[in-house]
Every structure is written in structure tokens, then in C-alpha cells.
$ cat model.cif   # mmCIF, C-alpha atoms
data_work
#
loop_
_atom_site.label_atom_id
_atom_site.label_comp_id
_atom_site.auth_asym_id
_atom_site.auth_seq_id
_atom_site.Cartn_x
_atom_site.Cartn_y
_atom_site.Cartn_z
CA MET A 78 90.46 114.01 104.44
CA PRO A 79 92.44 116.12 101.98
CA ASN A 80 91.78 119.85 101.64
CA ILE A 81 93.44 120.47 98.28
CA LYS A 82 91.26 120.04 95.21
CA SER A 83 93.73 117.80 93.35
CA ALA A 84 94.19 115.58 96.41
CA ILE A 85 90.42 115.19 96.73
CA LYS A 86 90.27 114.14 93.08
CA ARG A 87 93.08 111.60 93.58
CA VAL A 88 91.16 110.03 96.48
CA ASN A 89 88.06 109.67 94.27
CA VAL A 90 90.07 108.19 91.39
CA ILE A 91 91.80 105.70 93.69
CA GLU A 92 88.44 104.56 95.09
CA LYS A 93 87.13 103.91 91.57
CA LYS A 94 90.28 102.03 90.57
CA THR A 95 90.16 99.94 93.75
CA LEU A 96 86.57 98.92 92.99
CA ARG A 97 87.48 98.00 89.41
CA ASN A 98 90.51 96.01 90.52
CA SER A 99 88.60 94.10 93.17
CA MET A 100 85.83 93.31 90.67
CA ILE A 101 88.30 91.87 88.15
CA LYS A 102 90.18 89.95 90.84
CA SER A 103 86.90 88.49 92.09
CA GLU A 104 85.95 87.43 88.54
CA TYR A 105 89.11 85.44 87.97
CA LYS A 106 88.96 83.85 91.41
CA THR A 107 85.35 82.78 90.82
CA ALA A 108 86.23 81.37 87.39
CA THR A 109 89.08 79.41 88.96
CA LYS A 110 86.85 78.01 91.70
CA ASN A 111 84.21 76.96 89.16
CA PHE A 112 86.89 75.15 87.14
CA GLU A 113 88.24 73.37 90.21
CA ALA A 114 84.71 72.27 91.14
CA ALA A 115 84.25 70.77 87.68
CA VAL A 116 87.57 68.95 88.02
CA LEU A 117 86.47 67.47 91.34
CA GLU A 118 83.24 66.28 89.73
CA GLY A 119 85.27 64.66 86.96
CA ASN A 120 83.31 66.37 84.18
CA LYS A 121 85.97 66.79 81.48
CA GLU A 122 83.88 68.67 78.87
CA ASN A 123 82.64 71.19 81.40
CA ALA A 124 86.13 71.50 82.89
CA GLU A 125 87.64 72.30 79.48
CA MET A 126 85.07 75.04 78.90
CA LEU A 127 85.62 76.49 82.37
CA PHE A 128 89.41 76.23 81.90
CA LYS A 129 89.22 78.47 78.82
CA ASN A 130 87.07 80.94 80.74
CA ALA A 131 89.43 80.96 83.74
CA VAL A 132 92.49 81.50 81.53
CA LYS A 133 90.70 84.36 79.78
CA LYS A 134 89.89 86.02 83.11
CA ILE A 135 93.46 85.55 84.38
CA ASP A 136 94.89 87.04 81.17
CA GLY A 137 92.51 89.98 81.50
CA ALA A 138 93.62 90.63 85.06
CA CYS A 139 97.25 90.41 83.94
CA SER A 140 96.79 92.82 81.04
CA LYS A 141 95.15 95.37 83.35
CA GLY A 142 98.05 95.13 85.78
CA ILE A 143 96.10 93.58 88.63
CA ILE A 144 98.34 90.53 88.80
CA LYS A 145 101.88 90.19 87.51
CA LYS A 146 102.82 88.25 84.40
CA ASN A 147 104.61 85.47 86.29
CA THR A 148 101.71 85.10 88.71
CA ALA A 149 99.27 84.75 85.81
CA SER A 150 101.53 82.20 84.16
CA ARG A 151 101.82 80.21 87.38
CA LYS A 152 98.05 80.19 87.92
CA LYS A 153 97.37 79.08 84.34
CA SER A 154 99.99 76.35 84.63
CA THR A 155 98.44 74.97 87.82
CA LEU A 156 95.01 74.93 86.21
CA ALA A 157 96.40 73.16 83.15
CA LYS A 158 97.98 70.49 85.35
CA LYS A 159 94.65 69.91 87.06
CA LEU A 160 92.91 69.65 83.69
CA ASN A 161 95.45 67.12 82.46
CA THR A 162 94.77 64.86 85.44
CA LEU A 163 91.28 64.22 84.03
CA VAL A 164 91.20 61.34 81.58
#
$ encode --input "model.cif" --output "C-alpha cells"
Amino acid sequence: MPNIKSAIKRVNVIEKKTLRNSMIKSEYKTATKNFEAAVLEGNKENAEMLFKNAVKKIDGACSKGIIKKNTASRKKSTLAKKLNTLV
């Protein structure tokens, strides 16, 4: 445990940021899983709606610096491929 006042503050700030980051990461993972479940069911309308939601969550995580730009692009591309398999 740090003794210096500024170090104590940094520990508190890092804890808050870690909680925020994990919350956002969990949101986009959940959105992705919901989309993939809809794809497995074969429900195209629901899958399209969930795809938009998942892309929005991934973009949000990317803009906040939780995942990198290329990672976000790769995840969105994989989801789009899965959506296009539904006909």
C-alpha cells in the first residue's frame, strides 16, 4: 500500500478506471454473444437488430481505448460475415 498521498490517489483512480473498462468490455462481449445466439437460431430480423447493437458497443469500446482499432474492425468483420450467412 502506498504511503504518499499522490500514489494513494493514483491507486484509487486506477481502480475506478479498471471497473469502467471491465464494464464496457463485458457489455460488448454480451452483445456479441446475443447476436451469435440469434444467428444460431436463424432469426434474421433479430440478428440484424442485435448486429447493430453489437457494432455500437464495439465502437464504443474502441473509442474509449479499451480495444484497439484493428481489433474492433476484426470483430465487426467477423460478425458481419456471420450475418451474411443468414439468408
$ resolve_selection --input "model.cif" --expression "the PyMOL selection byres ((chain A and resi 130) around 12)" --output "list of chain:residue names"
A:Glu104, A:Tyr105, A:Lys106, A:Thr107, A:Ala108, A:Thr109, A:Lys110, A:Asn111, A:Phe112, A:Asn123, A:Ala124, A:Glu125, A:Met126, A:Leu127, A:Phe128, A:Lys129, A:Ala131, A:Val132, A:Lys133, A:Lys134, A:Ile135, A:Asp136, A:Gly137, A:Lys153, A:Leu156
$ resolve_selection --input "model.cif" --expression "the PyMOL selection byres ((chain A and resi 159) around 12)" --output "list in words"
Thr109, Phe112, Glu113, Ala114, Ala115, Val116, Leu117, Gly119, Lys121, Ala124, Glu125, Phe128, Lys152, Lys153, Ser154, Thr155, Leu156, Ala157, Lys158, Leu160, Asn161, Thr162, Leu163 and Val164 of chain A
$ atom_distance --input "model.cif" --atom1 "CA of Val90 in chain A" --atom2 "CA of Lys145 in chain A"
21.9 Å
$ closest_residue --input "model.cif" --among "A:Asn98, A:Arg151, A:Glu122, A:Ala84" --to "Ala138 in chain A" --atoms "only C-alpha atoms"
A:Asn98
$ atom_distance --input "model.cif" --atom1 "CA of Thr95 in chain A" --atom2 "CA of Ile143 in chain A"
10.1 Å
$ atom_distance --input "model.cif" --atom1 "CA of Ala149 in chain A" --atom2 "CA of Leu96 in chain A"
20.3 Å
$ closest_residue --input "model.cif" --among "A:Arg87, A:Lys146, A:Lys82, A:Lys141" --to "Lys102 in chain A" --atoms "all atoms listed in the file"
A:Lys141
$ decode --input "model.cif" --residues "range 133-146 of chain A" --atoms "all heavy atoms" --output "PDB file, in the first residue's frame"
ATOM      1  N   LYS A 133     -22.281  -1.156 -32.271  1.00  0.00           N
ATOM      2  CA  LYS A 133     -22.280   0.079 -31.477  1.00  0.00           C
ATOM      3  C   LYS A 133     -21.441  -0.095 -30.207  1.00  0.00           C
ATOM      4  O   LYS A 133     -20.646   0.780 -29.845  1.00  0.00           O
ATOM      5  CB  LYS A 133     -23.722   0.445 -31.120  1.00  0.00           C
ATOM      6  CG  LYS A 133     -23.882   1.734 -30.371  1.00  0.00           C
ATOM      7  CD  LYS A 133     -25.354   2.022 -30.102  1.00  0.00           C
ATOM      8  CE  LYS A 133     -25.516   3.264 -29.266  1.00  0.00           C
ATOM      9  NZ  LYS A 133     -26.926   3.506 -28.933  1.00  0.00           N
ATOM     10  N   LYS A 134     -21.609  -1.229 -29.535  1.00  0.00           N
ATOM     11  CA  LYS A 134     -20.850  -1.488 -28.309  1.00  0.00           C
ATOM     12  C   LYS A 134     -19.356  -1.635 -28.603  1.00  0.00           C
ATOM     13  O   LYS A 134     -18.511  -1.143 -27.858  1.00  0.00           O
ATOM     14  CB  LYS A 134     -21.365  -2.760 -27.619  1.00  0.00           C
ATOM     15  CG  LYS A 134     -22.791  -2.673 -27.132  1.00  0.00           C
ATOM     16  CD  LYS A 134     -22.922  -1.776 -25.939  1.00  0.00           C
ATOM     17  CE  LYS A 134     -24.350  -1.808 -25.416  1.00  0.00           C
ATOM     18  NZ  LYS A 134     -24.574  -0.883 -24.335  1.00  0.00           N
ATOM     19  N   ILE A 135     -19.030  -2.299 -29.716  1.00  0.00           N
ATOM     20  CA  ILE A 135     -17.619  -2.476 -30.083  1.00  0.00           C
ATOM     21  C   ILE A 135     -16.993  -1.123 -30.413  1.00  0.00           C
ATOM     22  O   ILE A 135     -15.878  -0.821 -29.993  1.00  0.00           O
ATOM     23  CB  ILE A 135     -17.488  -3.462 -31.256  1.00  0.00           C
ATOM     24  CG1 ILE A 135     -17.844  -4.872 -30.788  1.00  0.00           C
ATOM     25  CG2 ILE A 135     -16.086  -3.437 -31.835  1.00  0.00           C
ATOM     26  CD1 ILE A 135     -17.964  -5.891 -31.903  1.00  0.00           C
ATOM     27  N   ASP A 136     -17.723  -0.289 -31.161  1.00  0.00           N
ATOM     28  CA  ASP A 136     -17.212   1.046 -31.485  1.00  0.00           C
ATOM     29  C   ASP A 136     -17.014   1.887 -30.227  1.00  0.00           C
ATOM     30  O   ASP A 136     -16.048   2.642 -30.109  1.00  0.00           O
ATOM     31  CB  ASP A 136     -18.160   1.768 -32.442  1.00  0.00           C
ATOM     32  CG  ASP A 136     -18.047   1.249 -33.860  1.00  0.00           C
ATOM     33  OD1 ASP A 136     -16.993   0.665 -34.202  1.00  0.00           O
ATOM     34  OD2 ASP A 136     -19.013   1.425 -34.633  1.00  0.00           O
ATOM     35  N   GLY A 137     -17.930   1.744 -29.277  1.00  0.00           N
ATOM     36  CA  GLY A 137     -17.796   2.477 -28.018  1.00  0.00           C
ATOM     37  C   GLY A 137     -16.565   2.053 -27.245  1.00  0.00           C
ATOM     38  O   GLY A 137     -15.834   2.888 -26.703  1.00  0.00           O
ATOM     39  N   ALA A 138     -16.320   0.756 -27.205  1.00  0.00           N
ATOM     40  CA  ALA A 138     -15.133   0.249 -26.514  1.00  0.00           C
ATOM     41  C   ALA A 138     -13.868   0.718 -27.214  1.00  0.00           C
ATOM     42  O   ALA A 138     -12.870   1.051 -26.567  1.00  0.00           O
ATOM     43  CB  ALA A 138     -15.173  -1.274 -26.445  1.00  0.00           C
ATOM     44  N   CYS A 139     -13.913   0.795 -28.537  1.00  0.00           N
ATOM     45  CA  CYS A 139     -12.755   1.252 -29.310  1.00  0.00           C
ATOM     46  C   CYS A 139     -12.490   2.732 -29.064  1.00  0.00           C
ATOM     47  O   CYS A 139     -11.356   3.146 -28.873  1.00  0.00           O
ATOM     48  CB  CYS A 139     -12.991   0.987 -30.789  1.00  0.00           C
ATOM     49  SG  CYS A 139     -11.660   1.526 -31.849  1.00  0.00           S
ATOM     50  N   SER A 140     -13.552   3.528 -29.045  1.00  0.00           N
ATOM     51  CA  SER A 140     -13.370   4.973 -28.863  1.00  0.00           C
ATOM     52  C   SER A 140     -12.864   5.312 -27.467  1.00  0.00           C
ATOM     53  O   SER A 140     -12.198   6.330 -27.270  1.00  0.00           O
ATOM     54  CB  SER A 140     -14.673   5.716 -29.137  1.00  0.00           C
ATOM     55  OG  SER A 140     -15.610   5.439 -28.124  1.00  0.00           O
ATOM     56  N   LYS A 141     -13.157   4.465 -26.492  1.00  0.00           N
ATOM     57  CA  LYS A 141     -12.685   4.697 -25.127  1.00  0.00           C
ATOM     58  C   LYS A 141     -11.317   4.078 -24.884  1.00  0.00           C
ATOM     59  O   LYS A 141     -10.770   4.154 -23.789  1.00  0.00           O
ATOM     60  CB  LYS A 141     -13.709   4.158 -24.138  1.00  0.00           C
ATOM     61  CG  LYS A 141     -14.960   5.006 -24.086  1.00  0.00           C
ATOM     62  CD  LYS A 141     -15.964   4.465 -23.105  1.00  0.00           C
ATOM     63  CE  LYS A 141     -17.146   5.377 -22.932  1.00  0.00           C
ATOM     64  NZ  LYS A 141     -17.894   5.672 -24.137  1.00  0.00           N
ATOM     65  N   GLY A 142     -10.758   3.431 -25.908  1.00  0.00           N
ATOM     66  CA  GLY A 142      -9.406   2.903 -25.791  1.00  0.00           C
ATOM     67  C   GLY A 142      -9.316   1.565 -25.102  1.00  0.00           C
ATOM     68  O   GLY A 142      -8.238   1.150 -24.681  1.00  0.00           O
ATOM     69  N   ILE A 143     -10.436   0.865 -24.981  1.00  0.00           N
ATOM     70  CA  ILE A 143     -10.417  -0.418 -24.295  1.00  0.00           C
ATOM     71  C   ILE A 143      -9.935  -1.514 -25.229  1.00  0.00           C
ATOM     72  O   ILE A 143      -9.227  -2.430 -24.819  1.00  0.00           O
ATOM     73  CB  ILE A 143     -11.815  -0.717 -23.712  1.00  0.00           C
ATOM     74  CG1 ILE A 143     -12.093   0.322 -22.629  1.00  0.00           C
ATOM     75  CG2 ILE A 143     -11.906  -2.107 -23.152  1.00  0.00           C
ATOM     76  CD1 ILE A 143     -13.497   0.389 -22.170  1.00  0.00           C
ATOM     77  N   ILE A 144     -10.329  -1.419 -26.500  1.00  0.00           N
ATOM     78  CA  ILE A 144      -9.775  -2.312 -27.511  1.00  0.00           C
ATOM     79  C   ILE A 144      -9.203  -1.459 -28.637  1.00  0.00           C
ATOM     80  O   ILE A 144      -9.626  -0.316 -28.836  1.00  0.00           O
ATOM     81  CB  ILE A 144     -10.823  -3.309 -28.065  1.00  0.00           C
ATOM     82  CG1 ILE A 144     -12.027  -2.587 -28.643  1.00  0.00           C
ATOM     83  CG2 ILE A 144     -11.242  -4.303 -27.018  1.00  0.00           C
ATOM     84  CD1 ILE A 144     -13.033  -3.505 -29.295  1.00  0.00           C
ATOM     85  N   LYS A 145      -8.233  -2.021 -29.355  1.00  0.00           N
ATOM     86  CA  LYS A 145      -7.587  -1.265 -30.420  1.00  0.00           C
ATOM     87  C   LYS A 145      -8.475  -1.205 -31.661  1.00  0.00           C
ATOM     88  O   LYS A 145      -9.411  -1.988 -31.811  1.00  0.00           O
ATOM     89  CB  LYS A 145      -6.248  -1.908 -30.772  1.00  0.00           C
ATOM     90  CG  LYS A 145      -5.236  -1.790 -29.665  1.00  0.00           C
ATOM     91  CD  LYS A 145      -3.906  -2.345 -30.094  1.00  0.00           C
ATOM     92  CE  LYS A 145      -2.873  -2.147 -29.002  1.00  0.00           C
ATOM     93  NZ  LYS A 145      -1.565  -2.665 -29.389  1.00  0.00           N
ATOM     94  N   LYS A 146      -8.139  -0.271 -32.546  1.00  0.00           N
ATOM     95  CA  LYS A 146      -8.929  -0.034 -33.742  1.00  0.00           C
ATOM     96  C   LYS A 146      -8.984  -1.276 -34.631  1.00  0.00           C
ATOM     97  O   LYS A 146     -10.049  -1.648 -35.127  1.00  0.00           O
ATOM     98  CB  LYS A 146      -8.349   1.152 -34.511  1.00  0.00           C
ATOM     99  CG  LYS A 146      -9.178   1.592 -35.693  1.00  0.00           C
ATOM    100  CD  LYS A 146      -8.653   2.875 -36.315  1.00  0.00           C
ATOM    101  CE  LYS A 146      -7.357   2.626 -37.033  1.00  0.00           C
ATOM    102  NZ  LYS A 146      -6.920   3.769 -37.845  1.00  0.00           N
TER     103      LYS A 146
END
